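S.K.: Below you'll find the structure I mean.
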Amino acid sequence: MDSWTALELVKQGGTLLLLDVPEYTLLGIDTQMFSIGPAFKGIKMIPPGPHFLFYTSSTRDGKDFSPITAFFLHLSPCQLVIVRRWDQQQERLVKVSEDEEERYCEAVKSLEFDRQLGPYNLSQYGDWKHLSNYITNTIIERIEPIGGEITVACESGILKNTPKTAMEKALAEQLETSNLSTSLDNSQTRRCYYTSIPRLIKQKGIHAQQLTSLNIDKTQLLESLLMKDYGGSEDVLLGELQFAFIAFLMGQSLEAFLQWKALVNLLFGCIEAFIKVIYYQLKYGLQKDHTDTSGAATGVSALLDDSWFSADSFLHHLCKDFFSLMQDASSVDGHLLSWTRKLKELLENNLGWEFQLNSAVDGIYFEDDEFAPVVEMLDDPSCN
């Protein structure tokens with residue numbers, strides 16, 4: 001890239017100025033990772049729009065890391081410079097005063113920090129756009145907690161009253177026995193404002209067969225949530241789906257995983273599911289060779305532990321049921337069918353899953369399967 005083009009990108013792009021961040025801190029933005037050296041002051045050439053910053057401090061030997069702390073930010077033509085300073089006592093990035101921010105913004109615009117800023121890798125921006133194209137500043141303000149921080153350190157009791165797989169039970173026990181819950185004081189333990197997604201539809205005054213139908217095909221539930229909680233906008237729901245996936249994948253938030261899981265469960269339970277968004281999420285999450293700006297492997301995909309995608313996972317159950325539903329449908333929209341095939345191939349090629357849709361055992365659910373459709377048993381007339 002020639003110097004004139006680089007200068008224009010610096011002027012037109014956003015800058016994240018990060019002051020006093022200690023060496024050995026691991027920091028990422030969107031799909032990129034940065035190694036913090038003594039001269040590092042932030043990131044430049046960031047495209048306008050939503051972004052996700054996540055970081056964890058470490059000891060000098062790199063053996064011990066603090067829980068990941070993360071937050072979304074939104075760069076616009078009116079605000080292309082964001083300033084944060086490292087608080088040594090709290091071990092996190094905090095806002096500076098308005099006077100300081102104004103002074104630092106002017107210094108950034110005059111290129112005083114230019115040599116100490118790492119460039120945003122624009123070649124990876126396409127991946128980020130696929131993951132975040134429904135996230136707006138309104139979505140961020142709607143969901144992100146007061147104070148704007150997302151961290152598993154606030155989530156030790158989140159699995160207490162929810163149905164859990166064996167893996168999630170192990171996670172709950174690990175969080176309960178760890179010291180994460182005491183690492184932040186009560187004033188900092190704020191969670192995201194996610195929409196409540198019912199796992200089961202319970203409705204009085206309808207026939208048992210109709211109730212069963214409502215829980216097998218959740219299109220009516222989706223339509224109800226869209227009107228009641230999302231203002232009738234599918235884009236807002238998709239924005240929350242993307243928000244939760246990013247906070248889970250990159251921010252390692254358990255709360256975000258549970259919300260993503262609930263939304264995916266809902267969408268896969270609808271005939272008109274949003275396959276395209278989920279396809280791009282899994283395509284990125286299953287990649288094995290993410291690299292940072294220096295070309296070194298970052299292992300972002302390691303955040304998706306293999307146990308999340310075992311053949312006994314919730315995702316495998318949902319995909320199997322959805323593909324079976326698509327196969328049995330009398331007619332399917334060509335665009336939806338095309339994306340369904342792409343999703344099926346992605347899972348088969350990357351995870352080795354086999355969806356034997358014609359097998360007689362595919363429709364069998366075990367008693368402890370929380371993803372099985374709700375079937376209302378009718379009384380046997382002969383017993384009356």
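Going through the structure tokens in order, the chains are called A, B, and so on, while each chain numbers its residues from 1 and the ligands are numbered from 1 in the order shown.
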List the neighbours of region 77-90 of chain A out to 6 Å using only C-alpha atoms; skip same-chain residues closer than 6 positions along the sequence, and give me the result as a list in words.
M.R.: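 Within the cut-off, the hits are Gly14, Thr15, Leu16, Leu17, Leu18, Leu19, Asp20 and Val21 of chain A.
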S.K.: Name all residues at most 8 Å from Ile275 (chain A) (count only C-alpha atoms; drop same-chain ones fewer than 5 positions away) and give them as a list in words.
M.R.: Leu336, Trp339, Thr340 and Leu343 of chain A
S.K.: Mind writing the picked residues with all heavy atoms as a compact mmCIF listing (two decimals), in the first residue's frame?
M.R.:
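Everything below was put into out-v6.txt:
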```
# COMPACT_ATOMS: atom_id res chain seq x y z
N LEU A 336 -33.95 -20.97 0.27
CA LEU A 336 -33.82 -21.60 1.57
C LEU A 336 -33.18 -22.98 1.43
O LEU A 336 -32.31 -23.36 2.23
CB LEU A 336 -35.19 -21.73 2.23
CG LEU A 336 -35.26 -22.47 3.57
CD1 LEU A 336 -34.38 -21.77 4.60
CD2 LEU A 336 -36.69 -22.56 4.06
N TRP A 339 -29.32 -22.68 0.91
CA TRP A 339 -28.57 -22.38 2.13
C TRP A 339 -28.61 -23.55 3.11
O TRP A 339 -27.65 -23.77 3.86
CB TRP A 339 -29.11 -21.10 2.78
CG TRP A 339 -28.57 -19.88 2.11
CD1 TRP A 339 -29.19 -19.09 1.19
CD2 TRP A 339 -27.26 -19.34 2.28
NE1 TRP A 339 -28.35 -18.08 0.78
CE2 TRP A 339 -27.16 -18.21 1.44
CE3 TRP A 339 -26.16 -19.70 3.06
CZ2 TRP A 339 -26.01 -17.44 1.36
CZ3 TRP A 339 -25.01 -18.92 2.98
CH2 TRP A 339 -24.95 -17.81 2.14
N THR A 340 -29.71 -24.30 3.11
CA THR A 340 -29.79 -25.48 3.96
C THR A 340 -28.74 -26.52 3.55
O THR A 340 -28.07 -27.13 4.39
CB THR A 340 -31.19 -26.11 3.89
OG1 THR A 340 -32.15 -25.14 4.31
CG2 THR A 340 -31.29 -27.34 4.77
N LEU A 343 -25.32 -25.34 4.70
CA LEU A 343 -25.13 -25.55 6.12
C LEU A 343 -24.86 -27.02 6.42
O LEU A 343 -23.97 -27.35 7.21
CB LEU A 343 -26.38 -25.08 6.88
CG LEU A 343 -26.37 -25.29 8.40
CD1 LEU A 343 -25.22 -24.51 9.03
CD2 LEU A 343 -27.70 -24.88 9.01
```
S.K.: By how many Å are CA of Asn121 (chain A) and CA of Val10 (chain A) apart?
M.R.: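 It comes out at 12.4 Å.
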S.K.: Could you please determine the separation between CA of Glu144 (chain A) and CA of Ser35 (chain A) in Å, to one decimal place?
M.R.: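 Here the two named atoms are 26.3 Å from each other.
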S.K.: Just want the 6 Å neighbourhood of Ser253 (chain A), counted on only C-alpha atoms, with same-chain residues fewer than 6 positions away dropped. Output as a list in words.
M.R.: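 So, after excluding close chain neighbours, the residues are Thr151, Val152 and Ala247 of chain A.
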S.K.: With distances taken over only C-alpha atoms, which residue among A:Gln281, A:Gln242, A:Gln220, A:Ser338 lies nearest Gly269 (chain A)?
M.R.: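 Closest candidate: A:Gln220.
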S.K.: Could you tell me how far CA of Arg341 (chain A) lies from CA of Gly285 (chain A), in Å and to one decimal?
M.R.: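 Atom-to-atom, CA of Arg341 (chain A) and CA of Gly285 (chain A) are spaced 18.3 Å apart.
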S.K.: Would you pick out the contacts of Phe355 (chain A) at 12 Å or less, using only C-alpha atoms, so that residues sharing its chain but fewer than 3 positions from it are not included, and give the list as a PyMOL selection string?
M.R.: chain A and resi 311+316-324+327+341+343-345+347-349+351-352+358-359+361-362
S.K.: Point out the residue among A:Ile140, A:Ala262, A:Ile150, A:Leu286 with the least atom-to-atom distance to Val236 (chain A), counting only C-alpha atoms.
M.R.: A:Ile140
S.K.: Could you give me, as a list of chain:residue names, the residues within 8 Å of Gly37 (chain A), counting only C-alpha atoms and dropping anything in the same chain fewer than 3 positions from it?
M.R.: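 Here the answer would be A:Glu23, A:Tyr24, A:Phe40.
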S.K.: Write out as JSON lines a residue-level contact list of region 102-163 of chain A versus region 51-59 of chain A with cut-off 12 Å: for each qualifying residue the closest pair of atoms and the distance in Å to one decimal, counting only C-alpha atoms, rows sorted by chain and residue number upward.
M.R.:
```
{"residue": "A:Tyr120", "atom": "CA", "partner": "A:His51", "partner_atom": "CA", "distance": 11.4}
{"residue": "A:Tyr125", "atom": "CA", "partner": "A:His51", "partner_atom": "CA", "distance": 10.5}
{"residue": "A:Trp128", "atom": "CA", "partner": "A:His51", "partner_atom": "CA", "distance": 8.5}
{"residue": "A:Lys129", "atom": "CA", "partner": "A:His51", "partner_atom": "CA", "distance": 9.7}
{"residue": "A:Leu131", "atom": "CA", "partner": "A:His51", "partner_atom": "CA", "distance": 10.5}
{"residue": "A:Ser132", "atom": "CA", "partner": "A:His51", "partner_atom": "CA", "distance": 8.2}
{"residue": "A:Asn133", "atom": "CA", "partner": "A:His51", "partner_atom": "CA", "distance": 10.6}
{"residue": "A:Tyr134", "atom": "CA", "partner": "A:His51", "partner_atom": "CA", "distance": 11.9}
{"residue": "A:Ile135", "atom": "CA", "partner": "A:His51", "partner_atom": "CA", "distance": 9.1}
{"residue": "A:Thr136", "atom": "CA", "partner": "A:His51", "partner_atom": "CA", "distance": 9.9}
{"residue": "A:Asn137", "atom": "CA", "partner": "A:His51", "partner_atom": "CA", "distance": 10.0}
{"residue": "A:Ile140", "atom": "CA", "partner": "A:His51", "partner_atom": "CA", "distance": 10.0}
{"residue": "A:Glu144", "atom": "CA", "partner": "A:Phe52", "partner_atom": "CA", "distance": 11.5}
{"residue": "A:Gly148", "atom": "CA", "partner": "A:Leu53", "partner_atom": "CA", "distance": 11.0}
{"residue": "A:Glu149", "atom": "CA", "partner": "A:Phe54", "partner_atom": "CA", "distance": 9.5}
{"residue": "A:Ile150", "atom": "CA", "partner": "A:Phe54", "partner_atom": "CA", "distance": 9.0}
{"residue": "A:Thr151", "atom": "CA", "partner": "A:Phe54", "partner_atom": "CA", "distance": 9.5}
{"residue": "A:Val152", "atom": "CA", "partner": "A:Thr56", "partner_atom": "CA", "distance": 11.8}
{"residue": "A:Ala153", "atom": "CA", "partner": "A:Thr56", "partner_atom": "CA", "distance": 12.0}
```
